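Structure below is coords03.pdb: PDB, C-alpha atoms.
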```
ATOM      1  CA  MET L   9     -44.526  -6.440  19.556
ATOM      2  CA  GLN L  10     -42.729  -9.465  20.986
ATOM      3  CA  MET L  11     -40.921 -11.946  18.783
ATOM      4  CA  PRO L  12     -42.356 -15.494  19.049
ATOM      5  CA  SER L  13     -40.160 -17.905  21.040
ATOM      6  CA  ASN L  14     -39.400 -20.115  17.999
ATOM      7  CA  GLN L  15     -38.246 -17.044  16.030
ATOM      8  CA  ILE L  16     -36.091 -15.938  18.936
ATOM      9  CA  LYS L  17     -34.487 -19.387  19.003
ATOM     10  CA  ASN L  18     -33.882 -19.405  15.240
ATOM     11  CA  PHE L  19     -32.432 -15.898  15.309
ATOM     12  CA  SER L  20     -30.154 -16.826  18.216
ATOM     13  CA  ASN L  21     -28.941 -19.990  16.460
ATOM     14  CA  ARG L  22     -28.300 -18.118  13.234
ATOM     15  CA  LYS L  23     -26.380 -15.387  15.041
ATOM     16  CA  SER L  24     -24.298 -17.961  16.921
ATOM     17  CA  ALA L  25     -23.459 -19.735  13.668
ATOM     18  CA  THR L  26     -22.610 -16.392  12.114
ATOM     19  CA  ILE L  27     -20.211 -15.465  14.923
ATOM     20  CA  LEU L  28     -18.614 -18.925  14.767
ATOM     21  CA  PHE L  29     -18.087 -18.527  11.006
ATOM     22  CA  ALA L  30     -16.570 -15.078  11.534
ATOM     23  CA  LYS L  31     -14.163 -16.466  14.126
ATOM     24  CA  LYS L  32     -13.072 -19.195  11.725
ATOM     25  CA  LEU L  33     -12.190 -16.476   9.199
ATOM     26  CA  THR L  34      -9.703 -14.869  11.584
ATOM     27  CA  ILE L  35      -8.048 -17.964  13.097
ATOM     28  CA  ASN L  36      -4.597 -18.649  11.622
ATOM     29  CA  SER L  37      -5.242 -16.305   8.704
ATOM     30  CA  ARG L  38      -3.648 -13.043   9.896
ATOM     31  CA  ARG L  39      -1.554 -12.685   6.763
ATOM     32  CA  LYS L  40      -4.417 -13.461   4.403
ATOM     33  CA  ILE L  41      -7.102 -10.937   5.310
ATOM     34  CA  ILE L  42      -5.759  -7.519   4.362
ATOM     35  CA  PHE L  43      -8.891  -6.947   2.276
ATOM     36  CA  ASN L  44     -11.410  -8.625   4.625
ATOM     37  CA  ILE L  45     -11.971  -5.474   6.619
ATOM     38  CA  LEU L  46     -15.770  -5.594   6.426
ATOM     39  CA  ILE L  47     -16.433  -9.325   6.664
ATOM     40  CA  PRO L  48     -16.728  -9.770  10.432
ATOM     41  CA  LEU L  49     -18.243  -6.303  10.714
ATOM     42  CA  ALA L  50     -20.864  -7.192   8.119
ATOM     43  CA  LEU L  51     -21.680 -10.356  10.010
ATOM     44  CA  ILE L  52     -21.879  -8.851  13.484
ATOM     45  CA  LEU L  53     -22.994  -5.276  12.895
ATOM     46  CA  GLY L  54     -25.015  -5.688   9.727
ATOM     47  CA  GLY L  55     -27.010  -8.619  11.003
ATOM     48  CA  CYS L  56     -26.100 -10.887   8.062
ATOM     49  CA  GLY L  57     -26.506 -14.544   8.792
ATOM     50  CA  ASN L  58     -28.616 -16.352   6.215
ATOM     51  CA  ARG L  59     -27.272 -18.772   3.637
ATOM     52  CA  ASP L  60     -27.004 -16.199   0.840
ATOM     53  CA  ASP L  61     -25.096 -13.825   3.101
ATOM     54  CA  LEU L  62     -22.617 -16.492   4.161
ATOM     55  CA  GLU L  63     -22.067 -17.630   0.569
ATOM     56  CA  ARG L  64     -21.434 -14.030  -0.441
ATOM     57  CA  ILE L  65     -18.925 -13.647   2.388
ATOM     58  CA  GLN L  66     -17.226 -16.960   1.585
ATOM     59  CA  LYS L  67     -16.750 -15.845  -2.023
ATOM     60  CA  PHE L  68     -15.320 -12.540  -0.869
ATOM     61  CA  THR L  69     -12.997 -14.284   1.600
ATOM     62  CA  ALA L  70     -11.605 -16.651  -1.036
ATOM     63  CA  LEU L  71     -10.877 -13.725  -3.353
ATOM     64  CA  ALA L  72      -9.395 -11.655  -0.524
ATOM     65  CA  ASN L  73      -7.006 -14.442   0.455
ATOM     66  CA  LYS L  74      -5.737 -14.733  -3.133
ATOM     67  CA  ALA L  75      -5.415 -10.970  -3.430
ATOM     68  CA  ALA L  76      -3.474 -10.661  -0.168
ATOM     69  CA  GLU L  77      -1.034 -13.346  -1.284
ATOM     70  CA  GLY L  78      -0.365 -11.283  -4.405
ATOM     71  CA  PHE L  79       1.080  -8.245  -2.611
ATOM     72  CA  PRO L  80       4.695  -9.543  -2.547
ATOM     73  CA  THR L  81       4.429  -9.758  -6.355
ATOM     74  CA  ILE L  82       4.180  -5.953  -6.363
ATOM     75  CA  ALA L  83       6.628  -5.323  -3.504
ATOM     76  CA  ASN L  84       9.364  -7.423  -5.086
ATOM     77  CA  ASP L  85       8.813  -6.049  -8.587
ATOM     78  CA  PHE L  86      10.509  -2.725  -7.788
ATOM     79  CA  TYR L  87      13.759  -4.696  -7.757
ATOM     80  CA  LEU L  88      12.840  -6.987 -10.658
ATOM     81  CA  SER L  89      11.792  -4.029 -12.817
ATOM     82  CA  CYS L  90      15.192  -2.443 -12.185
ATOM     83  CA  LEU L  91      16.910  -5.677 -13.265
ATOM     84  CA  ARG L  92      14.790  -5.926 -16.411
ATOM     85  CA  SER L  93      15.698  -2.348 -17.298
ATOM     86  CA  ALA L  94      19.379  -3.180 -16.717
ATOM     87  CA  HIS L  95      19.111  -6.059 -19.182
ATOM     88  CA  TYR L  96      17.682  -3.908 -21.980
ATOM     89  CA  ARG L  97      19.998  -0.979 -21.260
ATOM     90  CA  ALA L  98      23.076  -3.218 -21.447
ATOM     91  CA  PHE L  99      22.198  -4.435 -24.928
ATOM     92  CA  LEU L 100      21.142  -1.167 -26.538
ATOM     93  CA  PRO L 101      22.588  -1.342 -30.084
ATOM     94  CA  THR L 102      23.911   2.227 -29.840
ATOM     95  CA  ARG L 103      26.090   1.424 -26.820
ATOM     96  CA  GLN L 104      29.789   1.160 -27.607
ATOM     97  CA  VAL L 105      30.852  -0.529 -24.361
ATOM     98  CA  ASN L 106      30.814  -4.196 -23.383
ATOM     99  CA  PRO L 107      27.151  -5.078 -22.617
ATOM    100  CA  VAL L 108      28.170  -7.433 -19.822
ATOM    101  CA  VAL L 109      30.070  -4.631 -18.069
ATOM    102  CA  THR L 110      27.126  -2.259 -18.521
ATOM    103  CA  ARG L 111      24.670  -4.787 -17.127
ATOM    104  CA  ILE L 112      26.840  -5.491 -14.075
ATOM    105  CA  GLU L 113      27.135  -1.755 -13.370
ATOM    106  CA  VAL L 114      23.403  -1.114 -13.671
ATOM    107  CA  GLU L 115      22.503  -4.174 -11.598
ATOM    108  CA  LYS L 116      24.929  -2.931  -8.957
ATOM    109  CA  ASP L 117      22.835   0.244  -8.741
ATOM    110  CA  CYS L 118      19.707  -1.869  -8.220
ATOM    111  CA  ASN L 119      21.387  -3.845  -5.446
ATOM    112  CA  GLU L 120      23.530  -1.282  -3.661
ATOM    113  CA  LYS L 121      22.711   2.316  -4.580
ATOM    114  CA  LEU L 122      18.927   1.934  -4.721
ATOM    115  CA  GLN L 123      18.737  -1.005  -2.253
ATOM    116  CA  LEU L 124      15.569  -2.242  -3.923
ATOM    117  CA  GLN L 125      15.593  -5.649  -2.262
ATOM    118  CA  ASP L 126      15.414  -3.833   1.085
ATOM    119  CA  LEU L 127      12.614  -1.685  -0.326
ATOM    120  CA  GLY L 128      10.564  -4.799  -1.055
ATOM    121  CA  THR L 129      11.017  -5.924   2.544
ATOM    122  CA  SER L 130       9.974  -2.514   3.876
ATOM    123  CA  LEU L 131       6.868  -2.487   1.674
ATOM    124  CA  ILE L 132       5.841  -5.895   2.961
ATOM    125  CA  GLU L 133       6.327  -4.568   6.522
ATOM    126  CA  ALA L 134       4.035  -1.629   5.693
ATOM    127  CA  ASN L 135       1.460  -4.020   4.298
ATOM    128  CA  GLU L 136       1.721  -6.092   7.488
ATOM    129  CA  VAL L 137       0.608  -3.083   9.534
ATOM    130  CA  LEU L 138      -2.649  -3.084   7.571
ATOM    131  CA  VAL L 139      -2.912  -6.882   7.800
ATOM    132  CA  ASP L 140      -2.478  -6.807  11.572
ATOM    133  CA  TYR L 141      -5.007  -4.016  11.963
ATOM    134  CA  VAL L 142      -7.629  -5.746   9.826
ATOM    135  CA  SER L 143      -7.041  -9.024  11.646
ATOM    136  CA  SER L 144      -7.488  -7.265  14.972
ATOM    137  CA  LEU L 145     -10.793  -5.710  13.862
ATOM    138  CA  GLY L 146     -11.983  -9.202  12.985
ATOM    139  CA  LYS L 147     -11.028 -10.485  16.423
ATOM    140  CA  LEU L 148     -12.739  -7.593  18.188
ATOM    141  CA  ALA L 149     -15.881  -8.088  16.093
ATOM    142  CA  THR L 150     -16.054 -11.718  17.202
ATOM    143  CA  ASP L 151     -15.250 -10.832  20.840
ATOM    144  CA  ASP L 152     -11.781 -12.377  20.621
ATOM    145  CA  ILE L 153      -8.621 -11.184  22.368
ATOM    146  CA  ILE L 154      -5.983  -9.491  20.179
ATOM    147  CA  ASP L 155      -2.547 -11.112  20.139
ATOM    148  CA  TYR L 156      -0.095  -8.551  18.796
ATOM    149  CA  SER L 157       3.521  -7.590  19.320
ATOM    150  CA  THR L 158       6.006  -5.527  17.331
ATOM    151  CA  ASP L 159       9.201  -3.539  17.687
ATOM    152  CA  ILE L 160       8.014   0.044  17.224
ATOM    153  CA  LYS L 161      11.513   1.431  16.629
ATOM    154  CA  GLY L 162      12.285  -1.323  14.126
ATOM    155  CA  LEU L 163       8.971  -0.724  12.343
ATOM    156  CA  GLU L 164       9.620   3.010  12.207
ATOM    157  CA  GLY L 165      13.012   2.318  10.659
ATOM    158  CA  GLU L 166      11.481   0.110   7.958
ATOM    159  CA  LEU L 167       8.699   2.575   7.132
ATOM    160  CA  SER L 168      11.182   5.473   6.984
ATOM    161  CA  LYS L 169      13.087   3.668   4.199
ATOM    162  CA  LEU L 170      10.098   3.852   1.877
ATOM    163  CA  PRO L 171      10.338   6.344  -1.012
ATOM    164  CA  LYS L 172       7.759   9.104  -1.522
ATOM    165  CA  ILE L 173       6.342   8.676   1.991
ATOM    166  CA  ASN L 174       6.348  11.627   4.396
ATOM    167  CA  LYS L 175       6.823  11.821   8.157
ATOM    168  CA  SER L 176       3.120  12.089   8.979
ATOM    169  CA  GLN L 177       2.374   8.972   6.896
ATOM    170  CA  VAL L 178       5.101   7.050   8.716
ATOM    171  CA  GLU L 179       3.605   8.273  11.997
ATOM    172  CA  GLY L 180       0.188   7.058  10.839
ATOM    173  CA  GLY L 181       1.539   3.515  10.498
ATOM    174  CA  ILE L 182       3.326   3.741  13.855
ATOM    175  CA  ASN L 183       0.151   5.044  15.552
ATOM    176  CA  ILE L 184      -1.841   2.094  14.186
ATOM    177  CA  ALA L 185       0.746  -0.332  15.565
ATOM    178  CA  THR L 186       0.737   1.515  18.912
ATOM    179  CA  ILE L 187      -3.059   1.234  19.156
ATOM    180  CA  LEU L 188      -2.801  -2.511  18.472
ATOM    181  CA  LEU L 189      -0.181  -2.897  21.200
ATOM    182  CA  ARG L 190      -2.464  -1.107  23.663
ATOM    183  CA  ALA L 191      -5.447  -3.195  22.584
ATOM    184  CA  ALA L 192      -3.480  -6.404  23.114
ATOM    185  CA  LYS L 193      -2.046  -5.264  26.479
ATOM    186  CA  ASP L 194      -5.385  -4.042  27.853
ATOM    187  CA  GLY L 195      -7.388  -7.000  26.566
ATOM    188  CA  TYR L 196      -9.767  -5.090  24.283
ATOM    189  CA  ARG L 197     -12.905  -6.985  23.344
ATOM    190  CA  ARG L 198     -15.938  -6.430  21.134
ATOM    191  CA  GLU L 199     -17.267  -3.418  23.070
ATOM    192  CA  LYS L 200     -14.103  -1.525  22.048
ATOM    193  CA  LEU L 201     -14.576  -2.120  18.303
ATOM    194  CA  LYS L 202     -16.381   1.116  17.506
ATOM    195  CA  GLU L 203     -13.958   3.137  19.628
ATOM    196  CA  VAL L 204     -10.977   1.635  17.807
ATOM    197  CA  ILE L 205     -12.435   2.361  14.360
ATOM    198  CA  VAL L 206     -13.298   5.960  15.276
ATOM    199  CA  SER L 207      -9.937   6.681  16.941
ATOM    200  CA  THR L 208      -7.810   4.962  14.250
ATOM    201  CA  ASP L 209      -9.481   6.278  11.097
ATOM    202  CA  ASP L 210      -7.333   9.411  10.655
ATOM    203  CA  ASP L 211      -4.123   7.380  10.956
ATOM    204  CA  LEU L 212      -5.442   4.663   8.639
ATOM    205  CA  GLN L 213      -6.447   7.189   5.984
ATOM    206  CA  ILE L 214      -3.077   8.954   5.961
ATOM    207  CA  PHE L 215      -1.093   5.690   6.092
ATOM    208  CA  ILE L 216      -3.016   4.214   3.155
ATOM    209  CA  GLU L 217      -2.464   7.481   1.271
ATOM    210  CA  GLY L 218       1.275   7.004   1.798
ATOM    211  CA  ILE L 219       1.245   3.471   0.385
ATOM    212  CA  LYS L 220      -0.812   4.669  -2.587
ATOM    213  CA  THR L 221       1.746   7.433  -3.227
ATOM    214  CA  ILE L 222       4.567   4.863  -3.275
ATOM    215  CA  MET L 223       2.658   2.770  -5.788
ATOM    216  CA  ASN L 224       1.658   5.706  -7.998
ATOM    217  CA  GLU L 225       4.778   7.856  -7.929
ATOM    218  CA  ALA L 226       7.567   5.309  -7.365
ATOM    219  CA  TYR L 227       6.445   1.970  -8.827
ATOM    220  CA  ILE L 228       4.257   3.205 -11.692
ATOM    221  CA  GLY L 229       5.772   6.672 -12.134
ATOM    222  CA  ILE L 230       9.465   5.750 -11.940
ATOM    223  CA  TYR L 231      10.278   2.052 -12.255
ATOM    224  CA  LEU L 232       7.639   0.862 -14.728
ATOM    225  CA  ARG L 233       7.891   4.072 -16.746
ATOM    226  CA  ASN L 234      11.680   3.710 -16.900
ATOM    227  CA  GLU L 235      11.375   0.049 -17.898
ATOM    228  CA  GLU L 236       8.955   0.932 -20.693
ATOM    229  CA  SER L 237      11.252   3.725 -21.897
ATOM    230  CA  VAL L 238      14.279   1.404 -22.025
ATOM    231  CA  ILE L 239      12.254  -1.243 -23.881
ATOM    232  CA  ASN L 240      11.227   1.360 -26.472
ATOM    233  CA  GLY L 241      14.828   2.506 -26.822
ATOM    234  CA  TYR L 242      16.131  -1.049 -27.211
ATOM    235  CA  TYR L 243      13.713  -2.145 -29.939
ATOM    236  CA  GLY L 244      13.636   1.259 -31.615
ATOM    237  CA  ASP L 245      17.427   1.385 -31.930
ATOM    238  CA  TYR L 246      17.631  -2.260 -32.963
ATOM    239  CA  ILE L 247      15.087  -1.866 -35.755
ATOM    240  CA  THR L 248      16.601   1.427 -36.951
ATOM    241  CA  ASN L 249      20.078  -0.140 -37.161
ATOM    242  CA  LEU L 250      18.747  -3.123 -39.125
ATOM    243  CA  VAL L 251      16.975  -0.888 -41.616
ATOM    244  CA  ASN L 252      19.944   1.456 -42.036
ATOM    245  CA  ASN L 253      22.445  -1.391 -42.514
ATOM    246  CA  ARG L 254      20.331  -3.780 -44.557
ATOM    247  CA  ALA L 255      21.913  -5.651 -47.414
ATOM    248  CA  GLU L 256      20.514  -5.012 -50.870
ATOM    249  CA  GLY L 257      18.210  -7.704 -52.211
ATOM    250  CA  ASP L 258      17.515  -9.092 -48.723
ATOM    251  CA  THR L 259      14.099  -7.501 -48.296
ATOM    252  CA  GLN L 260      12.115 -10.671 -47.491
ATOM    253  CA  SER L 261      14.331 -11.937 -44.648
ATOM    254  CA  LEU L 262      14.606  -8.409 -43.238
ATOM    255  CA  THR L 263      10.835  -8.026 -43.278
ATOM    256  CA  ILE L 264      10.376 -11.305 -41.388
ATOM    257  CA  LEU L 265      12.957 -10.243 -38.793
ATOM    258  CA  LEU L 266      11.386  -6.800 -38.372
ATOM    259  CA  LEU L 267       7.919  -8.304 -37.875
ATOM    260  CA  ASP L 268       9.310 -10.671 -35.248
ATOM    261  CA  LEU L 269      11.018  -7.827 -33.415
ATOM    262  CA  ASP L 270       7.893  -5.708 -33.575
ATOM    263  CA  ASN L 271       5.825  -8.547 -32.036
ATOM    264  CA  ARG L 272       8.378  -8.964 -29.237
ATOM    265  CA  TRP L 273       8.344  -5.219 -28.660
ATOM    266  CA  ALA L 274       4.562  -5.222 -28.331
ATOM    267  CA  THR L 275       4.635  -8.258 -26.006
ATOM    268  CA  ASN L 276       7.217  -6.688 -23.684
ATOM    269  CA  LYS L 277       5.275  -3.427 -23.559
ATOM    270  CA  ASP L 278       2.056  -5.337 -22.794
ATOM    271  CA  GLU L 279       3.772  -7.035 -19.853
ATOM    272  CA  VAL L 280       4.671  -3.638 -18.399
ATOM    273  CA  GLU L 281       1.117  -2.425 -18.965
ATOM    274  CA  GLN L 282      -0.266  -5.503 -17.172
ATOM    275  CA  LYS L 283       1.899  -4.717 -14.147
ATOM    276  CA  ARG L 284       0.776  -1.095 -14.267
ATOM    277  CA  ASN L 285      -2.904  -2.098 -14.330
ATOM    278  CA  PHE L 286      -2.304  -4.661 -11.580
ATOM    279  CA  ALA L 287      -0.801  -1.960  -9.348
ATOM    280  CA  ARG L 288      -3.709   0.363 -10.126
ATOM    281  CA  ASP L 289      -6.190  -2.326  -9.102
ATOM    282  CA  TYR L 290      -4.318  -2.719  -5.818
ATOM    283  CA  ILE L 291      -4.541   1.043  -5.292
ATOM    284  CA  GLY L 292      -8.275   0.799  -6.000
ATOM    285  CA  ILE L 293      -8.660  -1.836  -3.292
ATOM    286  CA  LEU L 294      -6.775   0.358  -0.823
ATOM    287  CA  ASP L 295      -9.203   3.150  -1.751
ATOM    288  CA  SER L 296     -12.144   0.862  -0.982
ATOM    289  CA  ILE L 297     -10.708  -0.072   2.413
ATOM    290  CA  ALA L 298     -10.149   3.581   3.272
ATOM    291  CA  GLN L 299     -13.619   4.608   2.070
ATOM    292  CA  ASN L 300     -15.430   1.810   3.883
ATOM    293  CA  HIS L 301     -13.487   2.345   7.097
ATOM    294  CA  GLY L 302     -14.255   6.058   6.881
ATOM    295  CA  ALA L 303     -17.949   5.338   6.323
ATOM    296  CA  LEU L 304     -18.020   3.117   9.421
ATOM    297  CA  ARG L 305     -16.193   5.783  11.434
ATOM    298  CA  ARG L 306     -18.759   8.429  10.484
ATOM    299  CA  MET L 307     -21.670   6.120  11.358
ATOM    300  CA  PHE L 308     -20.184   5.128  14.703
ATOM    301  CA  ALA L 309     -19.239   8.724  15.572
ATOM    302  CA  ASN L 310     -22.901   9.670  15.060
ATOM    303  CA  GLY L 311     -24.130   6.805  17.203
ATOM    304  CA  LYS L 312     -25.365   4.732  14.246
ATOM    305  CA  SER L 313     -24.597   1.277  12.895
ATOM    306  CA  PRO L 314     -24.628   0.215   9.228
ATOM    307  CA  SER L 315     -27.696  -1.597   8.000
ATOM    308  CA  SER L 316     -27.552  -5.059   6.468
ATOM    309  CA  LYS L 317     -28.338  -3.502   3.079
ATOM    310  CA  GLU L 318     -25.446  -1.033   3.373
ATOM    311  CA  MET L 319     -23.002  -3.770   4.357
ATOM    312  CA  LYS L 320     -24.053  -6.000   1.475
ATOM    313  CA  LYS L 321     -23.588  -3.111  -0.941
ATOM    314  CA  MET L 322     -20.045  -2.534   0.363
ATOM    315  CA  LEU L 323     -19.275  -6.231   0.215
ATOM    316  CA  ASP L 324     -20.548  -6.659  -3.353
ATOM    317  CA  LYS L 325     -18.577  -3.641  -4.560
ATOM    318  CA  ASN L 326     -15.380  -4.919  -2.966
ATOM    319  CA  THR L 327     -15.958  -8.409  -4.362
ATOM    320  CA  LYS L 328     -16.101  -6.971  -7.888
ATOM    321  CA  ASN L 329     -12.839  -5.059  -7.291
ATOM    322  CA  LEU L 330     -11.165  -8.204  -5.961
ATOM    323  CA  GLU L 331     -12.289 -10.300  -8.921
ATOM    324  CA  SER L 332     -10.526  -7.875 -11.274
ATOM    325  CA  PHE L 333      -7.403  -7.822  -9.092
ATOM    326  CA  VAL L 334      -7.153 -11.620  -8.802
ATOM    327  CA  LYS L 335      -7.623 -12.032 -12.569
ATOM    328  CA  LYS L 336      -4.748  -9.621 -13.246
ATOM    329  CA  LEU L 337      -2.657 -11.334 -10.555
ATOM    330  CA  LYS L 338      -2.869 -14.612 -12.468
ATOM    331  CA  ASP L 339      -1.840 -12.876 -15.684
ATOM    332  CA  VAL L 340       1.153 -11.151 -14.065
ATOM    333  CA  GLN L 341       2.358 -14.250 -12.222
ATOM    334  CA  SER L 342       2.172 -16.344 -15.381
ATOM    335  CA  LYS L 343       4.767 -14.135 -17.128
TER     336      LYS L 343
END
```
Can you turn what I pasted into structure tokens?
Amino acid sequence: MQMPSNQIKNFSNRKSATILFAKKLTINSRRKIIFNILIPLALILGGCGNRDDLERIQKFTALANKAAEGFPTIANDFYLSCLRSAHYRAFLPTRQVNPVVTRIEVEKDCNEKLQLQDLGTSLIEANEVLVDYVSSLGKLATDDIIDYSTDIKGLEGELSKLPKINKSQVEGGINIATILLRAAKDGYRREKLKEVIVSTDDDLQIFIEGIKTIMNEAYIGIYLRNEESVINGYYGDYITNLVNNRAEGDTQSLTILLLDLDNRWATNKDEVEQKRNFARDYIGILDSIAQNHGALRRMFANGKSPSSKEMKKMLDKNTKNLESFVKKLKDVQSK
């Protein structure tokens, strides 16, 4: 059955507007679309193009941009968490040495021995690999040329500095960058999109797993756990010393002081918990990217394309994840 000419015209206009909108999403926004992996694909491959679809995508894009801007908050907090721990450790009531000397020594470990400022830079570099890849998918989906360049040896050096990441995960990131270099050099266009997704999926999955391991085992498992432990030690020792050395007949003022300290203790622990939940939300978003990319790979490998309904379901799920992440980002950044 042939489509009437007026319907053909309307469909063509809607598709053209859709492609134009998708192109606008990728222009000058390379660093803001780490989580926009399905937007241009939803538009082009899923056949989305009506007003509701575009509004849904615009909402997702706005959230994704805010979420992407929040990554340095996590990357830099390895170092800041170490400094916060140094502050509490220096002023533990049970310490017999000069707190200023203790703090300087511990901060020196953060700066020199652990090199945590460099770690933040390396993490941002790792994140950029994902950003560049996602941006390139968007360009391919809208039949744009990829503009990409990087120093592979320099990138490998940065990724190799990351804690808890193994050689194969480093290689996954390098392989993604190498594919992007080839795509830029050879002038890949939209017809190469499915091939890129299918051929890159294994590397993407293992690279994302590496970043998740850093977040789970290093940031949450070491730095935030250590910070929480030092906070507990600081307030616990402080309160114990006050109780043990209280003056007789000074119960009321001591009670007021203890309540104040207990409130501060709870507040400081809540701040650590907020950062922990924020990192877990980021890990959840990485999971969504990996799962959705894998789903597309399986469809394309079997000669299929996702339906509009499937793409909308993915988009709505990711939007909900991003809303939670952005809300926690505001809470963390306000501290």
Requested in this report: Please identify all polymer residues within 8 Å of Tyr242 (chain L), counting all atoms listed in the file, omitting same-chain residues fewer than 6 positions from it, and present them as an NGL selection string.
Outcome: :L and (96-97 or 99-101)
Step by step, gather every atom of region 179-192 of chain L that the file lists, find the box along x, y and z that holds them, add 5 Å on each side, and finally give centre and edge lengths in Å to one decimal, as AutoDock Vina command-line options.
```
--center_x -0.9 --center_y 0.9 --center_z 17.1 --size_x 19.1 --size_y 24.7 --size_z 23.2
```
Report task. Counting all atoms listed in the file, note down every residue that has an atom within 9 Å of the point (12.5, 4.9, -1.0) (file coordinates), as a list of chain:residue names. Result ->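 Here the neighbourhood of the point contains L:Leu122, L:Gln123, L:Leu124, L:Leu127, L:Ser168, L:Lys169, L:Leu170, L:Pro171, L:Lys172, L:Ile173, L:Ile222, L:Ala226.
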Report task. Considering all atoms listed in the file, return as a PyMOL selection string whatever protein or nucleic-acid residues lie within 7 Å of Tyr156 (chain L), sequence-local ones (same chain, fewer than 5 positions apart) excluded. Result -> chain L and resi 188-189+192
Query raised in the report: Any idea what the distance is between CA of Ile239 (chain L) and CA of Cys90 (chain L)?
Result: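 Atom-to-atom, CA of Ile239 (chain L) and CA of Cys90 (chain L) are spaced 12.1 Å apart.
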Please expand the PyMOL selection byres ((chain L and resi 201-204) around 10) into the concrete residues it hits in this file, giving the result as a PDB file with C-alpha atoms, in the frame of the given file.
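File result-v3.pdb, as written:
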```
ATOM      1  CA  LEU L  49     -18.243  -6.303  10.714  1.00  0.00           C
ATOM      2  CA  SER L 144      -7.488  -7.265  14.972  1.00  0.00           C
ATOM      3  CA  LEU L 145     -10.793  -5.710  13.862  1.00  0.00           C
ATOM      4  CA  GLY L 146     -11.983  -9.202  12.985  1.00  0.00           C
ATOM      5  CA  LYS L 147     -11.028 -10.485  16.423  1.00  0.00           C
ATOM      6  CA  LEU L 148     -12.739  -7.593  18.188  1.00  0.00           C
ATOM      7  CA  ALA L 149     -15.881  -8.088  16.093  1.00  0.00           C
ATOM      8  CA  THR L 150     -16.054 -11.718  17.202  1.00  0.00           C
ATOM      9  CA  ASP L 151     -15.250 -10.832  20.840  1.00  0.00           C
ATOM     10  CA  ILE L 184      -1.841   2.094  14.186  1.00  0.00           C
ATOM     11  CA  ILE L 187      -3.059   1.234  19.156  1.00  0.00           C
ATOM     12  CA  LEU L 188      -2.801  -2.511  18.472  1.00  0.00           C
ATOM     13  CA  ALA L 191      -5.447  -3.195  22.584  1.00  0.00           C
ATOM     14  CA  TYR L 196      -9.767  -5.090  24.283  1.00  0.00           C
ATOM     15  CA  ARG L 197     -12.905  -6.985  23.344  1.00  0.00           C
ATOM     16  CA  ARG L 198     -15.938  -6.430  21.134  1.00  0.00           C
ATOM     17  CA  GLU L 199     -17.267  -3.418  23.070  1.00  0.00           C
ATOM     18  CA  LYS L 200     -14.103  -1.525  22.048  1.00  0.00           C
ATOM     19  CA  ILE L 205     -12.435   2.361  14.360  1.00  0.00           C
ATOM     20  CA  VAL L 206     -13.298   5.960  15.276  1.00  0.00           C
ATOM     21  CA  SER L 207      -9.937   6.681  16.941  1.00  0.00           C
ATOM     22  CA  THR L 208      -7.810   4.962  14.250  1.00  0.00           C
ATOM     23  CA  ASP L 209      -9.481   6.278  11.097  1.00  0.00           C
ATOM     24  CA  LEU L 304     -18.020   3.117   9.421  1.00  0.00           C
ATOM     25  CA  ARG L 305     -16.193   5.783  11.434  1.00  0.00           C
ATOM     26  CA  MET L 307     -21.670   6.120  11.358  1.00  0.00           C
ATOM     27  CA  PHE L 308     -20.184   5.128  14.703  1.00  0.00           C
ATOM     28  CA  ALA L 309     -19.239   8.724  15.572  1.00  0.00           C
ATOM     29  CA  GLY L 311     -24.130   6.805  17.203  1.00  0.00           C
ATOM     30  CA  SER L 313     -24.597   1.277  12.895  1.00  0.00           C
TER      31      SER L 313
END
```
Report task. Rounded to one decimal place, report the CA of Ala94 (chain L)-CA of Arg233 (chain L) distance in Å. Result -> 13.6 Å
Requested in this report: Could you jot down the CA of Ser261 (chain L) to CA of Val108 (chain L) separation for me, Å, one decimal place?
Outcome: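 Result for CA of Ser261 (chain L) versus CA of Val108 (chain L): 28.8 Å, one decimal.
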Query raised in the report: Restricting the calculation to only C-alpha atoms, which member of L:Asp152, L:Glu179, L:Asp270, L:Asp339 is positioned closest to Glu164 (chain L)?
Result: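 Nearest candidate to Glu164 (chain L) out of L:Asp152, L:Glu179, L:Asp270, L:Asp339: L:Glu179.
For the structure shown here, the set of residues caught by the PyMOL selection byres ((chain L and resi 331-335) around 7) is Leu71, Lys74, Ala75, Phe286, Asp289, Tyr290, Thr327, Lys328, Asn329, Leu330, Lys336, Leu337, Lys338 and Asp339 of chain L.
Around Arg92 (chain L), within 12 Å and counting all atoms listed in the file, the residues found are Asp85, Phe86, Tyr87, Leu88, Tyr96, Arg97, Ala98, Phe99, Arg111, Val114, Glu115, Cys118, Tyr231, Leu232, Asn234, Glu235, Glu236, Ser237, Val238, Ile239, Tyr242, Asn276, Glu279 and Val280 of chain L, once anything fewer than 4 positions away on its own chain is removed.
Neighbours of Thr248 (chain L) closer than or equal to 12 Å, with only C-alpha atoms counted and sequence neighbours fewer than 3 positions away skipped, come out as Leu100, Pro101, Thr102, Asn240, Gly241, Tyr242, Tyr243, Gly244, Asp245, Val251, Asn252, Asn253, Arg254, Leu262, Leu266, Leu269 and Asp270 of chain L.
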Requested in this report: List the neighbours of Val137 (chain L) out to 9 Å using all atoms listed in the file; skip same-chain residues closer than 5 positions along the sequence, and give me the result as a VMD selection string.
Outcome: chain L and resid 132 142 181 to 182 184 to 185
Output file for the residues above (C-alpha atoms, as a tab-separated table (two decimals), keeping the file's coordinate frame):
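This is the output file again24.tsv:
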```
chain	number	residue	atom	x	y	z
L	132	ILE	CA	5.84	-5.90	2.96
L	142	VAL	CA	-7.63	-5.75	9.83
L	181	GLY	CA	1.54	3.52	10.50
L	182	ILE	CA	3.33	3.74	13.86
L	184	ILE	CA	-1.84	2.09	14.19
L	185	ALA	CA	0.75	-0.33	15.56
```
